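Asks: Please find coords22.json (JSON, C-alpha atoms) on the next line:
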```
[["chain", "number", "residue", "atom", "x", "y", "z"],
["A", 1, "MET", "CA", 67.58, -48.96, 26.69],
["A", 2, "GLN", "CA", 66.68, -45.61, 28.15],
["A", 3, "LYS", "CA", 63.11, -44.43, 28.30],
["A", 4, "ARG", "CA", 62.16, -41.73, 25.83],
["A", 5, "LYS", "CA", 61.15, -38.35, 27.19],
["A", 6, "ASN", "CA", 57.75, -36.92, 26.31],
["A", 7, "ILE", "CA", 57.70, -34.45, 23.46],
["A", 8, "LYS", "CA", 57.34, -30.96, 24.88],
["A", 9, "THR", "CA", 56.70, -29.21, 21.56],
["A", 10, "THR", "CA", 53.02, -28.31, 21.36],
["A", 11, "ILE", "CA", 50.64, -28.94, 18.48],
["A", 12, "GLU", "CA", 50.20, -25.18, 18.11],
["A", 13, "GLU", "CA", 53.96, -24.65, 17.80],
["A", 14, "ILE", "CA", 54.13, -27.28, 15.05],
["A", 15, "VAL", "CA", 51.24, -25.75, 13.10],
["A", 16, "ASP", "CA", 52.62, -22.22, 13.52],
["A", 17, "TYR", "CA", 56.06, -23.30, 12.32],
["A", 18, "TRP", "CA", 54.89, -25.18, 9.22],
["A", 19, "SER", "CA", 52.30, -22.59, 8.22],
["A", 20, "GLU", "CA", 55.26, -20.20, 7.85],
["A", 21, "HIS", "CA", 57.63, -22.68, 6.17],
["A", 22, "GLU", "CA", 55.58, -24.98, 3.94],
["A", 23, "ASN", "CA", 52.95, -24.34, 1.28],
["A", 24, "GLU", "CA", 49.64, -26.06, 2.14],
["A", 25, "SER", "CA", 48.89, -26.47, -1.56],
["A", 26, "GLY", "CA", 49.00, -30.16, -2.41],
["A", 27, "LEU", "CA", 48.40, -31.31, 1.18],
["A", 28, "SER", "CA", 45.30, -33.00, 2.60],
["A", 29, "ILE", "CA", 44.76, -30.16, 5.09],
["A", 30, "ASP", "CA", 44.52, -26.41, 5.25],
["A", 31, "PHE", "CA", 46.74, -24.92, 7.93],
["A", 32, "ASP", "CA", 43.76, -23.24, 9.58],
["A", 33, "GLU", "CA", 42.55, -26.78, 10.50],
["A", 34, "ALA", "CA", 45.97, -28.40, 10.83],
["A", 35, "ASN", "CA", 45.67, -28.62, 14.61],
["A", 36, "LYS", "CA", 42.71, -31.02, 14.43],
["A", 37, "ARG", "CA", 43.05, -32.91, 11.12],
["A", 38, "CYS", "CA", 45.64, -35.52, 10.18],
["A", 39, "TRP", "CA", 48.12, -34.08, 7.69],
["A", 40, "ARG", "CA", 48.02, -37.25, 5.61],
["A", 41, "CYS", "CA", 44.41, -38.45, 5.57],
["A", 42, "GLY", "CA", 42.66, -35.18, 6.50],
["A", 43, "HIS", "CA", 40.35, -36.87, 9.03],
["A", 44, "LYS", "CA", 39.43, -34.99, 12.17],
["A", 45, "ARG", "CA", 41.11, -37.19, 14.77],
["A", 46, "LYS", "CA", 43.23, -37.08, 17.87],
["A", 47, "LEU", "CA", 46.63, -36.13, 16.53],
["A", 48, "GLU", "CA", 50.04, -37.46, 17.40],
["A", 49, "ARG", "CA", 53.28, -35.55, 17.04],
["A", 50, "CYS", "CA", 55.29, -37.48, 14.48],
["A", 51, "HIS", "CA", 59.02, -37.03, 13.93],
["A", 52, "ILE", "CA", 60.11, -36.28, 10.39],
["A", 53, "VAL", "CA", 63.59, -37.60, 11.14],
["A", 54, "PRO", "CA", 63.07, -40.31, 13.78],
["A", 55, "ALA", "CA", 64.30, -39.61, 17.30],
["A", 56, "SER", "CA", 66.17, -42.94, 17.11],
["A", 57, "ARG", "CA", 68.19, -41.44, 14.22],
["A", 58, "GLY", "CA", 68.92, -38.13, 15.93],
["A", 59, "GLY", "CA", 65.72, -36.28, 15.06],
["A", 60, "GLU", "CA", 64.96, -33.52, 17.52],
["A", 61, "ASP", "CA", 61.72, -32.68, 19.31],
["A", 62, "THR", "CA", 61.39, -29.32, 17.58],
["A", 63, "PRO", "CA", 58.57, -27.91, 15.44],
["A", 64, "SER", "CA", 60.79, -28.17, 12.35],
["A", 65, "ASN", "CA", 61.08, -31.93, 12.83],
["A", 66, "LEU", "CA", 57.46, -32.75, 13.67],
["A", 67, "VAL", "CA", 54.21, -33.12, 11.74],
["A", 68, "LEU", "CA", 50.75, -34.06, 13.00],
["A", 69, "LEU", "CA", 49.27, -37.44, 12.09],
["A", 70, "CYS", "CA", 46.46, -39.64, 13.36],
["A", 71, "LYS", "CA", 47.49, -42.91, 14.98],
["A", 72, "ASP", "CA", 46.82, -44.95, 11.81],
["A", 73, "CYS", "CA", 48.89, -42.69, 9.55],
["A", 74, "HIS", "CA", 51.63, -42.35, 12.17],
["A", 75, "LYS", "CA", 52.17, -46.12, 11.99],
["A", 76, "GLU", "CA", 52.73, -45.86, 8.23],
["A", 77, "ASN", "CA", 54.92, -42.76, 7.95],
["A", 78, "PRO", "CA", 58.40, -43.08, 6.45],
["A", 79, "ASN", "CA", 61.01, -43.64, 9.17],
["A", 80, "VAL", "CA", 64.03, -42.28, 7.30],
["A", 81, "THR", "CA", 66.70, -39.66, 7.89],
["A", 82, "ASP", "CA", 65.97, -37.54, 4.78],
["A", 83, "SER", "CA", 63.37, -34.97, 5.89],
["A", 84, "GLU", "CA", 62.24, -34.36, 2.29],
["A", 85, "ILE", "CA", 60.78, -37.88, 2.14],
["A", 86, "MET", "CA", 58.08, -37.02, 4.70],
["A", 87, "TRP", "CA", 56.82, -34.14, 2.59],
["A", 88, "ASP", "CA", 56.95, -36.29, -0.57],
["A", 89, "TRP", "CA", 54.85, -38.91, 1.25],
["A", 90, "LEU", "CA", 52.31, -36.38, 2.55],
["A", 91, "ARG", "CA", 51.86, -34.80, -0.88],
["A", 92, "ALA", "CA", 51.64, -38.16, -2.69],
["A", 93, "TYR", "CA", 48.64, -39.14, -0.56],
["A", 94, "ALA", "CA", 46.91, -35.75, -0.62],
["A", 95, "VAL", "CA", 43.19, -35.64, -1.40],
["A", 96, "PRO", "CA", 41.32, -32.51, -2.48],
["A", 97, "PHE", "CA", 38.41, -32.99, -0.07],
["A", 98, "TYR", "CA", 38.32, -33.90, 3.59],
["A", 99, "ASN", "CA", 37.27, -37.45, 4.50],
["A", 100, "MET", "CA", 37.99, -38.86, 1.02],
["A", 101, "PHE", "CA", 41.40, -40.37, 1.77],
["A", 102, "TRP", "CA", 40.20, -43.75, 3.03],
["A", 103, "TYR", "CA", 37.75, -44.10, 0.12],
["A", 104, "GLU", "CA", 40.64, -43.43, -2.28],
["A", 105, "MET", "CA", 42.68, -46.06, -0.47],
["A", 106, "GLY", "CA", 39.69, -48.40, -0.81],
["A", 107, "LEU", "CA", 39.74, -47.93, -4.60],
["A", 108, "ALA", "CA", 43.41, -48.92, -4.69],
["A", 109, "GLU", "CA", 42.67, -51.88, -2.41],
["A", 110, "TYR", "CA", 39.86, -52.99, -4.72],
["A", 111, "GLU", "CA", 42.30, -53.13, -7.62],
["A", 112, "ARG", "CA", 44.82, -55.07, -5.51],
["A", 113, "ILE", "CA", 42.19, -57.64, -4.53],
["A", 114, "TYR", "CA", 40.26, -58.01, -7.79],
["A", 115, "GLY", "CA", 42.92, -57.05, -10.34],
["A", 116, "ILE", "CA", 40.70, -54.40, -11.95],
["A", 117, "ARG", "CA", 39.94, -50.76, -11.28],
["A", 118, "ILE", "CA", 36.41, -49.75, -10.28],
["A", 119, "ILE", "CA", 36.19, -47.45, -13.31],
["A", 120, "ASP", "CA", 37.00, -50.43, -15.55],
["A", 121, "GLU", "CA", 34.31, -52.48, -13.79],
["A", 122, "ILE", "CA", 31.82, -49.74, -14.67],
["A", 123, "LYS", "CA", 33.05, -49.52, -18.28],
["A", 124, "LYS", "CA", 32.88, -53.32, -18.65],
["A", 125, "ARG", "CA", 29.19, -53.19, -17.71],
["A", 126, "ASN", "CA", 28.45, -50.32, -20.10],
["A", 127, "MET", "CA", 26.56, -48.61, -17.29],
["A", 128, "PRO", "CA", 24.39, -45.73, -18.40],
["A", 129, "LEU", "CA", 24.85, -42.48, -16.48],
["A", 130, "GLU", "CA", 21.69, -43.01, -14.41],
["A", 131, "ASP", "CA", 23.03, -46.39, -13.20],
["A", 132, "ILE", "CA", 26.34, -44.81, -12.24],
["A", 133, "LYS", "CA", 24.38, -42.23, -10.25],
["A", 134, "GLU", "CA", 22.45, -45.10, -8.64],
["A", 135, "ILE", "CA", 25.73, -46.75, -7.57],
["A", 136, "GLN", "CA", 26.94, -43.42, -6.17],
["A", 137, "GLY", "CA", 23.68, -43.11, -4.25],
["A", 138, "MET", "CA", 24.10, -46.63, -2.90],
["A", 139, "MET", "CA", 27.58, -45.67, -1.65],
["A", 140, "LYS", "CA", 25.96, -43.11, 0.62],
["A", 141, "ASP", "CA", 24.25, -46.02, 2.36],
["A", 142, "ILE", "CA", 27.55, -47.80, 2.93],
["A", 143, "SER", "CA", 27.13, -47.58, 6.71],
["A", 144, "SER", "CA", 24.41, -50.25, 6.63],
["A", 145, "LYS", "CA", 26.86, -52.72, 5.10],
["A", 146, "THR", "CA", 30.08, -51.90, 6.96],
["A", 147, "THR", "CA", 31.52, -51.01, 10.32],
["A", 148, "TYR", "CA", 34.67, -49.40, 11.67],
["A", 149, "HIS", "CA", 37.23, -51.46, 13.50],
["A", 150, "PHE", "CA", 37.13, -50.73, 17.22],
["A", 151, "GLY", "CA", 39.02, -47.54, 18.01],
["A", 152, "SER", "CA", 39.22, -46.37, 14.41],
["A", 153, "GLY", "CA", 37.39, -43.29, 13.19],
["A", 154, "HIS", "CA", 37.16, -44.39, 9.57],
["A", 155, "LEU", "CA", 36.60, -47.40, 7.37],
["A", 156, "ASN", "CA", 39.81, -49.18, 6.48],
["A", 157, "PRO", "CA", 40.72, -49.75, 2.79],
["A", 158, "ALA", "CA", 39.73, -53.43, 2.80],
["A", 159, "THR", "CA", 36.29, -52.56, 4.17],
["A", 160, "VAL", "CA", 35.78, -49.85, 1.56],
["A", 161, "ALA", "CA", 36.92, -52.24, -1.21],
["A", 162, "GLY", "CA", 34.50, -54.86, 0.10],
["A", 163, "ALA", "CA", 31.67, -52.34, 0.11],
["A", 164, "TYR", "CA", 32.40, -51.38, -3.51],
["A", 165, "ARG", "CA", 32.36, -55.07, -4.43],
["A", 166, "MET", "CA", 29.03, -55.65, -2.66],
["A", 167, "LEU", "CA", 27.52, -52.71, -4.55],
["A", 168, "LEU", "CA", 28.68, -54.14, -7.88],
["A", 169, "LYS", "CA", 27.28, -57.54, -6.95],
["A", 170, "GLU", "CA", 23.94, -55.93, -6.07],
["A", 171, "TYR", "CA", 23.97, -54.05, -9.37],
["A", 172, "ASP", "CA", 24.79, -57.23, -11.32],
["A", 173, "LYS", "CA", 22.05, -59.20, -9.59],
["A", 174, "LYS", "CA", 19.51, -56.47, -10.28],
["A", 175, "HIS", "CA", 20.47, -56.40, -13.98],
["A", 176, "GLY", "CA", 20.82, -60.16, -14.52],
["A", 177, "LEU", "CA", 24.61, -60.05, -14.78],
["A", 178, "ILE", "CA", 27.14, -62.44, -13.29],
["A", 179, "THR", "CA", 29.85, -60.89, -11.14],
["A", 180, "GLU", "CA", 33.15, -62.32, -12.34],
["A", 181, "LYS", "CA", 35.40, -63.73, -9.65],
["A", 182, "LYS", "CA", 38.99, -64.25, -10.64],
["A", 183, "ILE", "CA", 41.05, -63.76, -7.51],
["A", 184, "THR", "CA", 44.77, -64.08, -8.12],
["A", 185, "SER", "CA", 47.54, -62.96, -5.79],
["A", 186, "ILE", "CA", 49.23, -59.69, -6.61],
["A", 187, "ILE", "CA", 52.58, -61.39, -7.11],
["A", 188, "SER", "CA", 51.05, -63.91, -9.54],
["A", 189, "ARG", "CA", 49.51, -61.08, -11.58],
["A", 190, "GLN", "CA", 52.83, -59.25, -11.64],
["A", 191, "LEU", "CA", 54.72, -62.36, -12.73],
["A", 192, "LYS", "CA", 52.16, -63.06, -15.45],
["A", 193, "SER", "CA", 52.39, -59.46, -16.65],
["A", 194, "GLU", "CA", 56.19, -59.69, -16.87],
["A", 195, "TYR", "CA", 55.99, -63.08, -18.59],
["A", 196, "ASP", "CA", 53.49, -61.78, -21.17],
["A", 197, "LYS", "CA", 55.81, -58.92, -22.23]]
```
Go through the file and emit its structure as structure tokens.

Replies:
Amino acid sequence: MQKRKNIKTTIEEIVDYWSEHENESGLSIDFDEANKRCWRCGHKRKLERCHIVPASRGGEDTPSNLVLLCKDCHKENPNVTDSEIMWDWLRAYAVPFYNMFWYEMGLAEYERIYGIRIIDEIKKRNMPLEDIKEIQGMMKDISSKTTYHFGSGHLNPATVAGAYRMLLKEYDKKHGLITEKKITSIISRQLKSEYDK
């Protein structure tokens, strides 16, 4: 197996190319910050040049075949030969505000783990607006209950989901409620859902 050559295309060339060929609307970044923020998660991180069509499938090291992703997002990008898929993927994960991506992923992770959406947890408790604001305020103090994994610049989805759960448990304890715990694997929930139809 021959060793791969380093990509010579610069970050600036990639940003310049795509700012002329792609609409930033519906992406997690604005092109004026596209040289320092991941195009998927929007976090300000060290960026990697990521092939749209993989080099192993004939993708070239040209601005038209590269996007900029952080290391975490680069590991998850679609490795397929249809270049449209990359842009579908980037737009599907877009968030309207910087640094919200991993919190959004944490909400999805919460539902995967506990089988219920956070909004439904709140509705189930009939929380008055002031209590919802209290929970939001408690989220600002999430750093005292969590930590990043070494080398990561953000909380991963499982950590965010765990933090949401801890906040609900604190809320329940404070209000004399019992936090339900019905953990079932995702596949079991899916099978039950299909069986119940």

Asks: Hey, can you check how far CA of Arg49 (chain A) sits from CA of Leu90 (chain A)?

Replies: 14.5 Å

Asks: Would you please work out which residue, of A:Phe97, A:Ser64, A:Tyr164, A:Val80, is nearest to His21 (chain A) when using all atoms listed in the file?

Replies: A:Ser64

Asks: Distance CA of His154 (chain A)-CA of Ile116 (chain A), one decimal place?

Replies: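 According to the coordinates, CA of His154 (chain A) and CA of Ile116 (chain A) are separated by 24.0 Å.
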
Asks: Between A:Ile135, A:Ala158, A:Ala163, A:Leu69, which is the closest to Lys36 (chain A) once you count all atoms listed in the file?

Replies: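 Closest to Lys36 (chain A), using all atoms listed in the file: A:Leu69.
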
Asks: At what distance in Å, to one decimal, does CA of Gly176 (chain A) lie from CA of Gln136 (chain A)?

Replies: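 Calculated distance between CA of Gln136 (chain A) and CA of Gly176 (chain A) is 19.7 Å.
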
Asks: For Asp61 (chain A), which residue among A:Thr184, A:Thr9, A:Thr147, A:Ser152 is the nearest when counting all atoms listed in the file?

Replies: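 Smallest distance to Asp61 (chain A) is found for A:Thr9.
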
Asks: Which one is closest to His175 (chain A): A:Met127, A:Cys38, A:Met139, A:Cys70? Count only C-alpha atoms.

Replies: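 Once distances to His175 (chain A) are computed over only C-alpha atoms, the minimum belongs to A:Met127.
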
Asks: Using all atoms listed in the file, list the residues that have an atom at most 9 Å from (63.3, -35.8, 7.9), coordinates as in the file, as number ranges by chain.

Replies: A: 51-54, 59, 65-66, 78-87

Asks: Take the residues from that selection and put them in a file with C-alpha atoms, as a PDB file, keeping the file's coordinate frame.

Replies:
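The result, written out as part01.pdb:
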```
ATOM      1  CA  HIS A  51      59.020 -37.030  13.930  1.00  0.00           C
ATOM      2  CA  ILE A  52      60.110 -36.280  10.390  1.00  0.00           C
ATOM      3  CA  VAL A  53      63.590 -37.600  11.140  1.00  0.00           C
ATOM      4  CA  PRO A  54      63.070 -40.310  13.780  1.00  0.00           C
ATOM      5  CA  GLY A  59      65.720 -36.280  15.060  1.00  0.00           C
ATOM      6  CA  ASN A  65      61.080 -31.930  12.830  1.00  0.00           C
ATOM      7  CA  LEU A  66      57.460 -32.750  13.670  1.00  0.00           C
ATOM      8  CA  PRO A  78      58.400 -43.080   6.450  1.00  0.00           C
ATOM      9  CA  ASN A  79      61.010 -43.640   9.170  1.00  0.00           C
ATOM     10  CA  VAL A  80      64.030 -42.280   7.300  1.00  0.00           C
ATOM     11  CA  THR A  81      66.700 -39.660   7.890  1.00  0.00           C
ATOM     12  CA  ASP A  82      65.970 -37.540   4.780  1.00  0.00           C
ATOM     13  CA  SER A  83      63.370 -34.970   5.890  1.00  0.00           C
ATOM     14  CA  GLU A  84      62.240 -34.360   2.290  1.00  0.00           C
ATOM     15  CA  ILE A  85      60.780 -37.880   2.140  1.00  0.00           C
ATOM     16  CA  MET A  86      58.080 -37.020   4.700  1.00  0.00           C
ATOM     17  CA  TRP A  87      56.820 -34.140   2.590  1.00  0.00           C
TER      18      TRP A  87
END
```

Asks: For each of A:Gly58, A:Pro128, A:Pro63, A:Pro96, take the minimum atom-to-atom distance to Lys8 (chain A), counting only C-alpha atoms, then give the residue where this is smallest.

Replies: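 For Lys8 (chain A), the nearest of the given residues is A:Pro63.
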
Asks: Give me the residues near region 102-113 of chain A as a ChimeraX atom specification, where near means some atom within 6 Å (using all atoms listed in the file) and where sequence neighbours in that chain fewer than 3 positions away do not count.

Replies: /A:116-117,157,160-161

Asks: Counting all atoms listed in the file, what is within 9 Å of Arg37 (chain A), bar same-chain residues fewer than 6 positions away, as a list in words?

Replies: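 Those residues are Ser28, Ile29, Asp30, His43, Lys44, Arg45, Lys46, Leu47, Leu68, Leu69, Cys70 and Tyr98 of chain A.
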
Asks: Write out as a PyMOL selection string the residues lying within 12 Å of Glu22 (chain A), counting only C-alpha atoms and excluding same-chain residues fewer than 3 positions away.

Replies: chain A and resi 14-19+25-27+30-31+64+67+84+87+90-91

Asks: Please determine, counting all atoms listed in the file, which residue among A:Phe150, A:Glu134, A:Asn156, A:Arg40 has the shortest atom-to-atom distance to Lys174 (chain A).

Replies: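 With all atoms listed in the file as the atom set, the closest residue is A:Glu134.
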
Asks: Once you add 4 Å to each side, what are the centre and edge lengths of the axis-aligned box holding all listed atoms of region 132-138 of chain A? One decimal in Å, as lines of an AutoDock Vina configuration file, if you can.

Replies:
```
center_x = 24.7
center_y = -44.5
center_z = -7.6
size_x = 12.5
size_y = 12.5
size_z = 17.3
```

Asks: May I have the residues at most 9 Å from (31.8, -58.9, -6.9) in the file's coordinates, counting all atoms listed in the file, as number ranges by chain?

Replies: A: 114, 162, 164-170, 172, 178-181
